[in-house]
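Worksheet for the structure shown next.
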Amino acid sequence: MNQNIQVALITGAARGIGLAAAERFLAGGWNVAMLDRDEAGLASAVRGLGQPGRLLELALDVSNPEDAARAAEAVKTRFGRLDALVNNAGIAHFGPAMETPLSVWNEIMAVNLTGPLVMTQAFFPLMRETGGAIVNITSISGLRASTLRVAYGTSKAGLAHLTRQLAVELASHGIRVNAVAPGPVDTAMAKKVHSPEIRKDYHDAIPLNRYGLPEELAEAIHFLCSPAASYITGQVLAVDGGFDAAGIGLPTLRRDQGNG
């Protein structure tokens with residue numbers, strides 16, 4: 001394997017934003033390690049990309065330190081380097097704060113907040129050899145509160161601060177750390193759970209009057225990992241069509257069970 005080719009690792013890569021990011025890095029000439037705990041979904045995604053020589057498939061759990069260590073060893077063995085770590089894996093639960101089980105809270109924190117720290121710690125020894133970039137995928141739910149998202153929104157807000165903390169601590173090692181905060185994105189999950197009424201309300205609340213596309217999020221992720229972003233670190237970039245800037249949500253959005 002040519003160790004001069006840049007390498008990206010993307011978690012939650014079996015579908016949606018993670019899969020779109022894998023496609024974007026491949027298009028940019030990178031080798032890509034794709035990690036997801038959905039083994040069947042990940043295998044299907046890797047087959048669909050049709051470039052097995054440039055891909056590494058890792059059916060592992062980001063919240064498990066032993067799995068993270070195995071991932072780091074596998075990437076080092078296969079590619080010899082890591083230039084970009086995209087912490088995209090995340091889970092959600094939507095329900096009233098007073099009815100959110102502690103077990104659900106703990107699981108969401110483990111994957112959405114602890115997972116990126118675990119992965120960063122596991123890959124730090126490899127990344128500091130060449131420097132590089134880390135991009136954490138937060139959410140507009142971590143920038144503005146809305147009902148039914150107490151665990152999800154809090155985990156994403158915590159991830160935004162973790163991003164800044166890591167940016168400060170890893171800068172001296174040549175590692176930049178930023179975050180992308182998606183707004184409503186037209187993923188398979190959103191298509192499944194967003195009713196026509198919810199979609200209309202989102203369109204009305206978003207200044208650009210539409211959902212984002214996974215490919216648009218992938219472009220932002222790729223940019224933050226590229227030399228074009230070499231002086232950017234510790235930032236959270238909202239890719240949300242202006243949703244956060246508008247500042248006023250509609251009543252229906254408070255009942256939404258979907259993406260964002």
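Labels used: A, B, ... for chains in the order of the structure tokens, numbers from 1 for residues in each chain, and numbers from 1 for ligands as shown.
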Report as a list of chain:residue names all protein, DNA and RNA residues lying within 6 Å of Thr138 in chain A, evaluated on only C-alpha atoms, omitting residues in the same chain fewer than 2 positions from it.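 Within the cut-off, the hits are A:Lys156, A:Val180, A:Ala181.
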Could you please take those selected residues and save C-alpha atoms as a CSV table (one decimal), in the first residue's frame?
```csv
chain,number,residue,atom,x,y,z
A,156,LYS,CA,-24.1,17.2,20.8
A,180,VAL,CA,-19.8,20.4,11.5
A,181,ALA,CA,-23.3,20.9,12.9
```
Please provide as an mmCIF file with C-alpha atoms, in the first residue's frame all residues within 10 Å of Gly158 in chain A, with the sequence filter that same-chain residues fewer than 5 positions apart are discarded (counting only C-alpha atoms).
```
data_model
loop_
_atom_site.group_PDB
_atom_site.id
_atom_site.type_symbol
_atom_site.label_atom_id
_atom_site.label_comp_id
_atom_site.auth_asym_id
_atom_site.auth_seq_id
_atom_site.Cartn_x
_atom_site.Cartn_y
_atom_site.Cartn_z
ATOM 1 C CA MET A 109 -23.615 9.857 25.790
ATOM 2 C CA ASN A 112 -22.193 10.567 20.728
ATOM 3 C CA LEU A 113 -19.794 12.128 23.246
ATOM 4 C CA THR A 114 -17.515 9.494 24.750
ATOM 5 C CA THR A 138 -22.443 17.677 16.109
ATOM 6 C CA GLY A 142 -26.386 21.141 20.155
ATOM 7 C CA TYR A 152 -29.314 13.926 22.007
ATOM 8 C CA GLY A 153 -29.035 17.719 22.169
ATOM 9 C CA THR A 163 -14.073 19.906 19.850
#
```
With only C-alpha atoms as the atoms that count, which of A:Leu224, A:Leu82, A:Leu148, A:Ala245 lies nearest to Glu99 in chain A? A:Leu148
Excluding Ala238 in chain A and residues on its chain fewer than 4 positions from it, collect all residues at most 12 Å away from it, counting only C-alpha atoms, and give them as a PyMOL selection string. chain A and resi 136-144+160+178-184+212+216-217+220-221+242-245+260
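Proximity ranking of A:Ala89, A:Ile108, A:Ser226, A:Val236 relative to Arg24 in chain A places A:Ser226 first, based on only C-alpha atoms.
The set of residues in range 107-144 of chain A assigned to strand (DSSP E) by DSSP, using only backbone atoms of this structure, is Gly132, Ala133, Ile134, Val135, Asn136 and Ile137 of chain A.
Straight-line separation from CA of Ala218 in chain A to CA of Lys192 in chain A: 21.2 Å.
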What parts of range 6-250 of chain A does DSSP call helix (DSSP H, G or I)? I'd like the answer as a PyMOL selection string. chain A and resi 16-27+39-49+52-54+65-79+97-99+102-127+140-142+150-173+188-193+196-205+214-224+227-229+243-246
Keeping only C-alpha atoms, write those residues as a CSV table (one decimal), in the first residue's frame.
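Everything below was put into out-v4.csv:
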```
chain,number,residue,atom,x,y,z
A,16,GLY,CA,-26.1,8.9,5.3
A,17,ILE,CA,-23.6,11.6,6.0
A,18,GLY,CA,-20.9,9.1,6.8
A,19,LEU,CA,-21.2,7.3,3.5
A,20,ALA,CA,-21.4,10.5,1.5
A,21,ALA,CA,-18.2,11.6,3.3
A,22,ALA,CA,-16.5,8.3,2.3
A,23,GLU,CA,-17.4,8.9,-1.3
A,24,ARG,CA,-16.1,12.5,-1.2
A,25,PHE,CA,-12.7,11.5,0.2
A,26,LEU,CA,-12.4,8.7,-2.3
A,27,ALA,CA,-13.2,11.2,-5.1
A,39,GLU,CA,-21.8,-5.0,10.1
A,40,ALA,CA,-24.3,-5.9,7.3
A,41,GLY,CA,-25.0,-2.3,6.4
A,42,LEU,CA,-21.3,-1.5,6.3
A,43,ALA,CA,-20.5,-4.4,4.1
A,44,SER,CA,-23.2,-3.4,1.7
A,45,ALA,CA,-21.9,0.2,1.6
A,46,VAL,CA,-18.3,-0.9,0.9
A,47,ARG,CA,-19.5,-3.2,-1.9
A,48,GLY,CA,-21.5,-0.3,-3.4
A,49,LEU,CA,-18.5,1.9,-3.5
A,52,PRO,CA,-12.0,-2.4,-2.3
A,53,GLY,CA,-8.3,-1.7,-2.8
A,54,ARG,CA,-8.7,1.8,-1.3
A,65,PRO,CA,-12.0,1.4,23.9
A,66,GLU,CA,-10.9,-2.1,22.8
A,67,ASP,CA,-12.7,-1.7,19.5
A,68,ALA,CA,-11.1,1.7,19.0
A,69,ALA,CA,-7.6,0.3,19.7
A,70,ARG,CA,-8.3,-2.5,17.2
A,71,ALA,CA,-9.4,0.1,14.6
A,72,ALA,CA,-6.2,2.1,15.1
A,73,GLU,CA,-4.0,-1.0,14.7
A,74,ALA,CA,-5.9,-2.1,11.6
A,75,VAL,CA,-5.5,1.3,10.0
A,76,LYS,CA,-1.8,1.4,10.9
A,77,THR,CA,-1.2,-2.0,9.5
A,78,ARG,CA,-3.2,-1.4,6.2
A,79,PHE,CA,-2.3,2.2,5.4
A,97,ALA,CA,-36.9,15.0,29.4
A,98,MET,CA,-38.8,13.7,32.4
A,99,GLU,CA,-39.5,10.4,30.6
A,102,LEU,CA,-31.1,6.9,32.4
A,103,SER,CA,-30.1,3.8,30.4
A,104,VAL,CA,-31.0,5.7,27.2
A,105,TRP,CA,-29.2,8.8,28.4
A,106,ASN,CA,-26.0,6.8,29.1
A,107,GLU,CA,-26.1,5.0,25.8
A,108,ILE,CA,-26.4,8.2,23.8
A,109,MET,CA,-23.6,9.9,25.8
A,110,ALA,CA,-21.4,6.8,25.3
A,111,VAL,CA,-21.8,6.9,21.5
A,112,ASN,CA,-22.2,10.6,20.7
A,113,LEU,CA,-19.8,12.1,23.2
A,114,THR,CA,-17.5,9.5,24.8
A,115,GLY,CA,-17.1,7.8,21.4
A,116,PRO,CA,-15.3,10.7,19.7
A,117,LEU,CA,-13.0,11.0,22.7
A,118,VAL,CA,-12.2,7.3,22.7
A,119,MET,CA,-11.5,7.3,19.0
A,120,THR,CA,-9.3,10.4,19.2
A,121,GLN,CA,-7.3,8.9,22.0
A,122,ALA,CA,-6.9,5.7,20.1
A,123,PHE,CA,-5.7,7.4,16.9
A,124,PHE,CA,-3.6,10.2,18.4
A,125,PRO,CA,-0.3,8.3,18.4
A,126,LEU,CA,-0.7,7.6,14.6
A,127,MET,CA,-2.0,11.1,13.7
A,140,ILE,CA,-28.0,22.2,15.4
A,141,SER,CA,-29.6,20.4,18.3
A,142,GLY,CA,-26.4,21.1,20.2
A,150,VAL,CA,-32.6,16.3,26.1
A,151,ALA,CA,-30.1,13.5,25.7
A,152,TYR,CA,-29.3,13.9,22.0
A,153,GLY,CA,-29.0,17.7,22.2
A,154,THR,CA,-27.0,17.7,25.3
A,155,SER,CA,-24.6,15.1,23.9
A,156,LYS,CA,-24.1,17.2,20.8
A,157,ALA,CA,-23.5,20.4,22.8
A,158,GLY,CA,-20.9,18.5,24.8
A,159,LEU,CA,-19.3,17.4,21.6
A,160,ALA,CA,-19.0,21.0,20.4
A,161,HIS,CA,-17.1,21.8,23.6
A,162,LEU,CA,-15.0,18.7,23.3
A,163,THR,CA,-14.1,19.9,19.8
A,164,ARG,CA,-12.8,23.2,21.2
A,165,GLN,CA,-11.0,21.5,24.1
A,166,LEU,CA,-9.2,19.1,21.8
A,167,ALA,CA,-8.4,21.9,19.3
A,168,VAL,CA,-6.5,23.7,22.1
A,169,GLU,CA,-4.7,20.6,23.3
A,170,LEU,CA,-3.7,19.0,20.0
A,171,ALA,CA,-2.7,22.1,18.1
A,172,SER,CA,1.0,21.7,19.2
A,173,HIS,CA,1.0,18.3,17.6
A,188,ALA,CA,-33.0,7.9,4.5
A,189,MET,CA,-33.9,8.3,8.2
A,190,ALA,CA,-35.4,11.7,7.6
A,191,LYS,CA,-37.4,10.4,4.6
A,192,LYS,CA,-38.8,7.6,6.8
A,193,VAL,CA,-39.8,9.7,9.9
A,196,PRO,CA,-45.2,16.0,4.8
A,197,GLU,CA,-46.4,18.4,7.5
A,198,ILE,CA,-43.0,18.3,9.3
A,199,ARG,CA,-41.2,18.7,6.0
A,200,LYS,CA,-43.3,21.8,5.1
A,201,ASP,CA,-42.6,23.3,8.5
A,202,TYR,CA,-38.9,22.7,8.2
A,203,HIS,CA,-38.9,24.3,4.7
A,204,ASP,CA,-40.7,27.3,6.1
A,205,ALA,CA,-38.3,27.6,9.1
A,214,PRO,CA,-25.6,14.4,2.6
A,215,GLU,CA,-23.2,15.4,-0.2
A,216,GLU,CA,-23.3,19.0,1.0
A,217,LEU,CA,-22.3,18.0,4.5
A,218,ALA,CA,-19.6,15.8,3.0
A,219,GLU,CA,-18.1,18.8,1.2
A,220,ALA,CA,-17.9,20.8,4.4
A,221,ILE,CA,-16.2,17.8,6.2
A,222,HIS,CA,-13.7,17.4,3.3
A,223,PHE,CA,-13.0,21.1,3.3
A,224,LEU,CA,-12.1,21.1,7.0
A,227,PRO,CA,-5.1,22.3,3.2
A,228,ALA,CA,-7.6,25.0,2.4
A,229,ALA,CA,-8.6,24.9,6.1
A,243,PHE,CA,-31.8,27.4,10.4
A,244,ASP,CA,-29.8,28.4,13.5
A,245,ALA,CA,-29.5,32.0,12.3
A,246,ALA,CA,-33.2,32.4,11.9
```
So how far away is CA of Arg15 in chain A from CA of Leu213 in chain A, in Å? 12.7 Å
